[in-house]
Structures are given as structure tokens and as C-alpha cells.
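K.L.:
Structure in C-alpha cells, see below.
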Amino acid sequence: VKTVGFVGLGLMGAPMAANVARAGYPLAIYNRTPGKAAKLTELGAHPADTPAELAARCEVVISMLTDAPAVEQVLRGKDGLLAGGRPGTLLIDMSTVSPVQSRSLQAEVGGCRWAKLEAPVFGSTGPARDGTLGIMVGGDQGLFESQLDLLQAMGKYIFYMGPMGAGALTKLAFNLMVAAQFHSLAEAMALAGKGGVDLRRVGEVLAATAIASDLVRRKIGSLVAADFAPGFPLKHLHKDLGLMLDTAHRLGVPIPATGAIHEAFTAARSRGHGDLDSSAIYCLLTELSDSSPNS
Ligand SMILES: NC(=O)c1ccc[n+]([C@@H]2O[C@H](COP(=O)([O-])OP(=O)(O)OC[C@H]3O[C@@H](n4cnc5c(N)ncnc54)[C@H](OP(=O)(O)O)[C@@H]3O)[C@@H](O)[C@H]2O)c1
């Protein structure tokens with residue numbers, strides 16, 4: 001059984017690492033902010049003090065970090081993964097990054113003769129906990145097949161998409177639709193609510209129709225209850241919207257609606273909603289609404 005290292009024990013990483021431990025892999029764990037490993041040590045995982053110390057113990061290192069600069073940070077420096085690992089170590093980066101960033105990370109680890117797969121995920125904290133994530137993999141196909149057992153410990157829907165960048169691009173295409181759904185639901189609810197219709201009733205109508213996805217149905221409840229506890233933090237979807245626009249510019253594809261949604265998320269973040277759930281885009285719209293009585 002291969003020894004696995006897991007770096008990044010945030011909202012997604014912690015439950016994913018727990019499933020790797022439960023599947024029986026010897027597991028080393030590292031998080032920048034200490035104290036997030038307590039539950040995992042109960043499952044037999046061994047905390048490392050630095051990424052380098054973690055990499056020295058592992059054949060495969062999984063990263064689940066905020067963004068590409070965070071991945072670069074854990075790779076580099078005297079305490080970084082690359083300083084501690086041996087040639088032949090495999091990095092499976094499951095963070096959401098752009099195709100360009102993913103290929104650049106591959107070049108960086110390749111300089112130390114590490115291999116890399118990109119394996120971003122769909123599904124939020126619930127599927128991360130239940131081991132039912134979707135995983136979209138890019139990189140060498142043989143390498144992917146050799147890691148299927150490990151990926152199956154975390155996900156139920158596993159897709160090989162093609163060479164490095166194909167998994168990252170699929171993830172951005174998917175999140176483009178996620179952002180549009182968060183935003184259209186928020187606009188619909190802000191409009192109906194300002195007009196004086198009971199939000200609970202509007203939510204019931206939307207949920208009963210064929211236009212409501214599972215995501216929309218789940219988020220209707222959060223909006224009606226004004227519960228914006230983060231499942232998918234707004235700041236992360238804002239980051240992804242920026243990656244979509246950058247990628248679209250490089251490919252010469254117009255994505256005008258996504259551009260407008262990105263602007264709204266920028267405003268929501270600058271108003272302090274970044275750490276709330278992405279459904280808090282609704283808060284921005286209600287804050288910006290005319291405060292005079294309904295006409
Ligand atoms: N949440 C979702 O529903 C969801 C769904 C699909 C994909 N994703 C993607 O999955 C990734 C992780 O998301 P999350 O929701 O788990 O985020 P999160 O809860 O904010 O966790 C981010 C993790 O990255 C670490 N980190 C950030 N910057 C770092 C740095 N410079 N050096 C070292 N560690 C650093 C954090 O460490 P600290 O604890 O020290 O801050 C934390 O462990 C993101 O790319 C996100 O877009 C999220």
C-alpha cells in the first residue's frame with residue numbers, strides 16, 4: 001500500500017483526507033495553520049511539521065489548497081515539498097487552478113523529477129465527507145489508472161479528461177454554470193422579495209419547476225433562512241470566475257455573462273462577504289436595492 005501525504009486540511013481537504021485514512025492508506029498530513037489535524041490523528045494520520053517532512057515520508061502527495069500561489073508556496077523553499085521529496089514522487093493537485101497554472105505547476109515539479117496529475121473536484125463539503133465527489137483528471141493516462149484506487153477513496157464520479165489542463169478546464173467550465181446558478185437565483189429572489197412576495201413561497205415555486213437544479217434547490221433553503229455559513233466560500237468562486245475570464249481571453253472565447261457575474265462577486269467580496277457562502281451574492285443585491293418603499 002502506498003504512503004500518502006495530504007496537504008491542506010480546509011473545508012474540503014479535511015474530510016477528503018479522512019476518507020483516504022479510512023480507506024487504509026498510511027497517511028501523513030500537513031496544514032499551514034496547526035490545529036486542524038486533531039480529528040485526523042484519531043483516524044491514524046501522522047501530522048508533519050513542514051511540507052518537506054511530509055514529502056520525505058510519501059510516495060504520493062495530494063494537495064487541496066486555495067489556489068495556485070498556495071500550491072507554489074508549499075512546493076518551494078527549504079521547508080517545501082520539493083525539498084523533502086524524492087524523484088519519482090507523484091503530486092496529485094486537487095485544488096481549482098487554471099489550465100495554464102496547472103501546466104506551470106507540472107513544469108515546476110518536473111524540474112525535481114516529480115510526476116503530477118491534476119484532479120479538481122465537483123461537489124461541496126457534503127460529498128467530500130461522504131466520499132462521493134466528482135473528480136476530473138488531467139495528465140498521463142497510465143499514471144491516472146495507477147491512482148484510481150486512491151481517487152475512489154474520495155470520489156464516486158471519476159473522469160479522465162485528457163492531457164494536463166483538460167481536467168482544470170473542465171472544472172472551470174463546470175463552475176461557470178455554478179456561478180450563473182448562484183447569481184440567477186439571487187437575482188430572482190432579490191427581485192421577488194423587494195416586490196413584496198413571500199420569499200418562502202417563491203422558493204417553493206422555483207423548487208417545484210424543471211429549471212431548479214439540485215444546487216438551486218439546496219440554496220433556496222439557505223436564502224430563505226438567511227443562512228450563509230460557508231459550504232463553498234464566495235471568495236473561492238470569485239477566484240474561479242477570474243480564472244474563467246483569464247482562460248477565456250487566452251482562448252478567444254467571449255463569456256459576457258460570466259464577466260458581469262465576476263463584477264458582482266468582486267463587489268460582494270469588497271463589501272466583506274468573501275468568507276460567507278457563495279449564496280451571499282444575494283446579500284449584495286439586497287444591499288444595493290432601492291431602500292424606498294416598494295412601488
Ligand atoms: N468548498 C467547496 O465547496 C469547493 C468545492 C470544489 C472545489 N473547491 C476548491 O477546493 C480548494 C480548497 O477549497 P476549500 O473550500 O477547502 O478552502 P479552505 O477551507 O479555504 O481551505 C484552503 C486550504 O488551503 C490552505 N492554504 C491557503 N493558502 C495557503 C498557503 N499560502 N500556504 C499553505 N496553505 C495554504 C489553507 O490553510 P490554512 O488553514 O492555514 O488557511 C487551507 O488548508 C479551492 O481551490 C476551491 O476552489 C472547493
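We label chains A, B, ... in the order they appear in the C-alpha cells, count residues from 1 in each chain, and number ligands from 1 in the order shown.
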Running DSSP on the backbone, which parts of region 72-282 of chain A land in helix (DSSP H, G or I), as a ChimeraX atom specification?

P.N.:
/A:72-75,81-84,99-110,125-130,141-146,148-152,166-194,199-208,214-224,234-251,256-273,278-282

K.L.:
As an NGL selection string, please: every protein or nucleic acid residue near ligand 1 (cut-off 7 Å, counting only C-alpha atoms and all ligand atoms).

P.N.:
:A and (8-13 or 31-33 or 64-67 or 69-71 or 73-74 or 94-97 or 120-125 or 231-233 or 236-237 or 240)

K.L.:
Rounded to one decimal, what separation in Å do you get between CA of Asp290 (chain A) and CA of Leu185 (chain A)?

P.N.:
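Between CA of Asp290 (chain A) and CA of Leu185 (chain A) the gap is 19.0 Å.
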
K.L.:
If you run DSSP on the backbone here, which positions in region 41-102 of chain A get strand (DSSP E)? Please write them as a list of chain:residue names.

P.N.:
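For region 41-102 of chain A, the strand (DSSP E) set is A:His46, A:Pro47, A:Val60, A:Val61, A:Ile62, A:Ser63, A:Leu90, A:Leu91, A:Ile92, A:Asp93.
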
K.L.:
Taking all heavy atoms for each residue, export the selection above as an mmCIF file, in the first residue's frame.

P.N.:
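Okay, this is what ended up in part-v1.cif:
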data_model
loop_
_atom_site.group_PDB
_atom_site.id
_atom_site.type_symbol
_atom_site.label_atom_id
_atom_site.label_comp_id
_atom_site.auth_asym_id
_atom_site.auth_seq_id
_atom_site.Cartn_x
_atom_site.Cartn_y
_atom_site.Cartn_z
ATOM 1 N N HIS A 46 -0.647 10.841 10.542
ATOM 2 C CA HIS A 46 0.515 11.387 11.260
ATOM 3 C C HIS A 46 0.788 12.809 10.806
ATOM 4 O O HIS A 46 1.126 13.030 9.639
ATOM 5 C CB HIS A 46 1.749 10.523 10.988
ATOM 6 C CG HIS A 46 1.567 9.109 11.442
ATOM 7 N ND1 HIS A 46 1.619 8.738 12.763
ATOM 8 C CD2 HIS A 46 1.280 7.986 10.745
ATOM 9 C CE1 HIS A 46 1.392 7.449 12.866
ATOM 10 N NE2 HIS A 46 1.170 6.959 11.660
ATOM 11 N N PRO A 47 0.663 13.801 11.698
ATOM 12 C CA PRO A 47 0.955 15.180 11.302
ATOM 13 C C PRO A 47 2.444 15.385 11.036
ATOM 14 O O PRO A 47 3.290 14.805 11.726
ATOM 15 C CB PRO A 47 0.514 16.003 12.516
ATOM 16 C CG PRO A 47 -0.224 15.071 13.411
ATOM 17 C CD PRO A 47 0.232 13.694 13.091
ATOM 18 N N VAL A 60 3.056 9.447 -2.706
ATOM 19 C CA VAL A 60 2.068 10.293 -3.381
ATOM 20 C C VAL A 60 1.700 11.433 -2.441
ATOM 21 O O VAL A 60 1.428 11.196 -1.257
ATOM 22 C CB VAL A 60 0.786 9.486 -3.712
ATOM 23 C CG1 VAL A 60 -0.247 10.391 -4.393
ATOM 24 C CG2 VAL A 60 1.106 8.286 -4.573
ATOM 25 N N VAL A 61 1.691 12.667 -2.960
ATOM 26 C CA VAL A 61 1.269 13.818 -2.160
ATOM 27 C C VAL A 61 0.030 14.432 -2.817
ATOM 28 O O VAL A 61 0.044 14.760 -4.006
ATOM 29 C CB VAL A 61 2.381 14.889 -2.071
ATOM 30 C CG1 VAL A 61 1.869 16.118 -1.315
ATOM 31 C CG2 VAL A 61 3.620 14.322 -1.396
ATOM 32 N N ILE A 62 -1.053 14.547 -2.042
ATOM 33 C CA ILE A 62 -2.275 15.189 -2.524
ATOM 34 C C ILE A 62 -2.308 16.604 -1.958
ATOM 35 O O ILE A 62 -2.072 16.805 -0.764
ATOM 36 C CB ILE A 62 -3.526 14.420 -2.042
ATOM 37 C CG1 ILE A 62 -3.515 12.992 -2.588
ATOM 38 C CG2 ILE A 62 -4.808 15.145 -2.464
ATOM 39 C CD1 ILE A 62 -4.622 12.104 -2.014
ATOM 40 N N SER A 63 -2.602 17.601 -2.822
ATOM 41 C CA SER A 63 -2.768 18.968 -2.318
ATOM 42 C C SER A 63 -4.198 19.424 -2.577
ATOM 43 O O SER A 63 -4.760 19.166 -3.643
ATOM 44 C CB SER A 63 -1.762 19.916 -2.984
ATOM 45 O OG SER A 63 -1.775 19.763 -4.383
ATOM 46 N N LEU A 90 4.815 11.469 -6.702
ATOM 47 C CA LEU A 90 3.694 11.961 -7.516
ATOM 48 C C LEU A 90 2.924 13.029 -6.745
ATOM 49 O O LEU A 90 2.525 12.794 -5.596
ATOM 50 C CB LEU A 90 2.751 10.797 -7.854
ATOM 51 C CG LEU A 90 1.395 11.192 -8.479
ATOM 52 C CD1 LEU A 90 1.590 11.837 -9.846
ATOM 53 C CD2 LEU A 90 0.477 9.972 -8.574
ATOM 54 N N LEU A 91 2.693 14.182 -7.363
ATOM 55 C CA LEU A 91 1.807 15.206 -6.801
ATOM 56 C C LEU A 91 0.444 15.085 -7.492
ATOM 57 O O LEU A 91 0.372 15.151 -8.725
ATOM 58 C CB LEU A 91 2.373 16.614 -7.042
ATOM 59 C CG LEU A 91 1.445 17.766 -6.603
ATOM 60 C CD1 LEU A 91 1.341 17.836 -5.071
ATOM 61 C CD2 LEU A 91 1.931 19.106 -7.165
ATOM 62 N N ILE A 92 -0.614 14.889 -6.703
ATOM 63 C CA ILE A 92 -1.981 14.969 -7.243
ATOM 64 C C ILE A 92 -2.574 16.260 -6.699
ATOM 65 O O ILE A 92 -2.928 16.350 -5.521
ATOM 66 C CB ILE A 92 -2.852 13.767 -6.813
ATOM 67 C CG1 ILE A 92 -2.190 12.444 -7.208
ATOM 68 C CG2 ILE A 92 -4.242 13.880 -7.441
ATOM 69 C CD1 ILE A 92 -3.001 11.195 -6.840
ATOM 70 N N ASP A 93 -2.633 17.286 -7.554
ATOM 71 C CA ASP A 93 -3.175 18.576 -7.094
ATOM 72 C C ASP A 93 -4.675 18.609 -7.374
ATOM 73 O O ASP A 93 -5.099 18.554 -8.529
ATOM 74 C CB ASP A 93 -2.463 19.736 -7.794
ATOM 75 C CG ASP A 93 -2.972 21.073 -7.269
ATOM 76 O OD1 ASP A 93 -3.382 21.123 -6.076
ATOM 77 O OD2 ASP A 93 -2.980 22.054 -8.038
#

K.L.:
Can you tell me which residues surround Thr247 (chain A) at a distance of at most 8 Å, considering only C-alpha atoms, apart from same-chain residues fewer than 6 positions away, and format the answer as a PyMOL selection string?

P.N.:
chain A and resi 98-100

K.L.:
Counting only C-alpha atoms, which of A:Ala229, A:Ala210, A:Ala21, A:Val7 gets nearest to Lys39 (chain A)?

P.N.:
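When distances to Lys39 (chain A) are compared using only C-alpha atoms, the smallest one comes from A:Ala21.
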
K.L.:
Residues near Arg217 (chain A), anyone? I mean within 8 Å using only C-alpha atoms, not counting same-chain ones fewer than 5 positions away, as a VMD selection string.

P.N.:
chain A and resid 206 to 207 212

K.L.:
Keeping only C-alpha atoms, write the selected residues as a PDB file, in the first residue's frame.

P.N.:
ATOM      1  CA  LEU A 206     -38.843  27.691  -8.072  1.00  0.00           C
ATOM      2  CA  ALA A 207     -38.040  24.380  -6.396  1.00  0.00           C
ATOM      3  CA  ALA A 212     -34.246  24.184 -10.486  1.00  0.00           C
TER       4      ALA A 212
END

K.L.:
Contacts of Gly165 (chain A) at 7 Å or less, counting only C-alpha atoms, minus same-chain residues fewer than 2 places along, as a list in words?

P.N.:
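So, after excluding close chain neighbours, the residues are Pro99, Val100, Ser102, Arg103, Gly138, Pro163, Gly167, Ala168 and Leu169 of chain A.
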
K.L.:
Using only C-alpha atoms, find the one residue out of A:Gly203, A:Pro51, A:Leu148, A:Ala119 that sits nearest to Thr170 (chain A).

P.N.:
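Once distances to Thr170 (chain A) are computed over only C-alpha atoms, the minimum belongs to A:Ala119.
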
K.L.:
What is the CA of Tyr30 (chain A)-CA of Phe174 (chain A) distance in Å, reported with one decimal?

P.N.:
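Answer for the CA of Tyr30 (chain A) to CA of Phe174 (chain A) separation: 28.8 Å.
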
K.L.:
Gly259 (chain A): which residues within 12 Å, counting only C-alpha atoms, same-chain residues fewer than 3 positions away excluded, as a list in words?

P.N.:
Leu176, Ala179, Ala180, His238, Asp240, Leu241, Gly242, Leu243, Met244, Leu245, Asp246, Ala248, His249, Val253, Pro254, Ile255, Pro256, His262, Glu263, Ala264, Phe265 and Thr266 of chain A

K.L.:
Restricting it to C-alpha atoms, dump the selection as a tab-separated table (two decimals), in the first residue's frame.

P.N.:
chain	number	residue	atom	x	y	z
A	176	LEU	CA	-19.07	28.77	-14.78
A	179	ALA	CA	-21.69	30.78	-10.62
A	180	ALA	CA	-24.51	31.50	-13.08
A	238	HIS	CA	-14.71	34.79	-7.13
A	240	ASP	CA	-12.60	30.80	-10.08
A	241	LEU	CA	-14.54	33.47	-12.02
A	242	GLY	CA	-11.24	35.33	-12.53
A	243	LEU	CA	-9.61	32.11	-13.79
A	244	MET	CA	-12.53	31.57	-16.22
A	245	LEU	CA	-12.14	35.06	-17.67
A	246	ASP	CA	-8.36	34.74	-17.98
A	248	ALA	CA	-11.47	32.66	-22.00
A	249	HIS	CA	-9.30	35.64	-23.02
A	253	VAL	CA	-13.95	32.91	-26.31
A	254	PRO	CA	-16.45	35.61	-25.25
A	255	ILE	CA	-18.16	34.82	-21.93
A	256	PRO	CA	-20.05	38.10	-21.31
A	262	HIS	CA	-17.43	38.36	-11.82
A	263	GLU	CA	-18.02	42.09	-11.26
A	264	ALA	CA	-20.86	41.34	-8.85
A	265	PHE	CA	-18.68	38.88	-6.92
A	266	THR	CA	-15.87	41.47	-6.77

K.L.:
Counting only C-alpha atoms, which residue out of A:Leu234, A:Leu223, A:Val1, A:Leu81 sits closest to Asp275 (chain A)?

P.N.:
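For Asp275 (chain A), the nearest of the given residues is A:Leu234.
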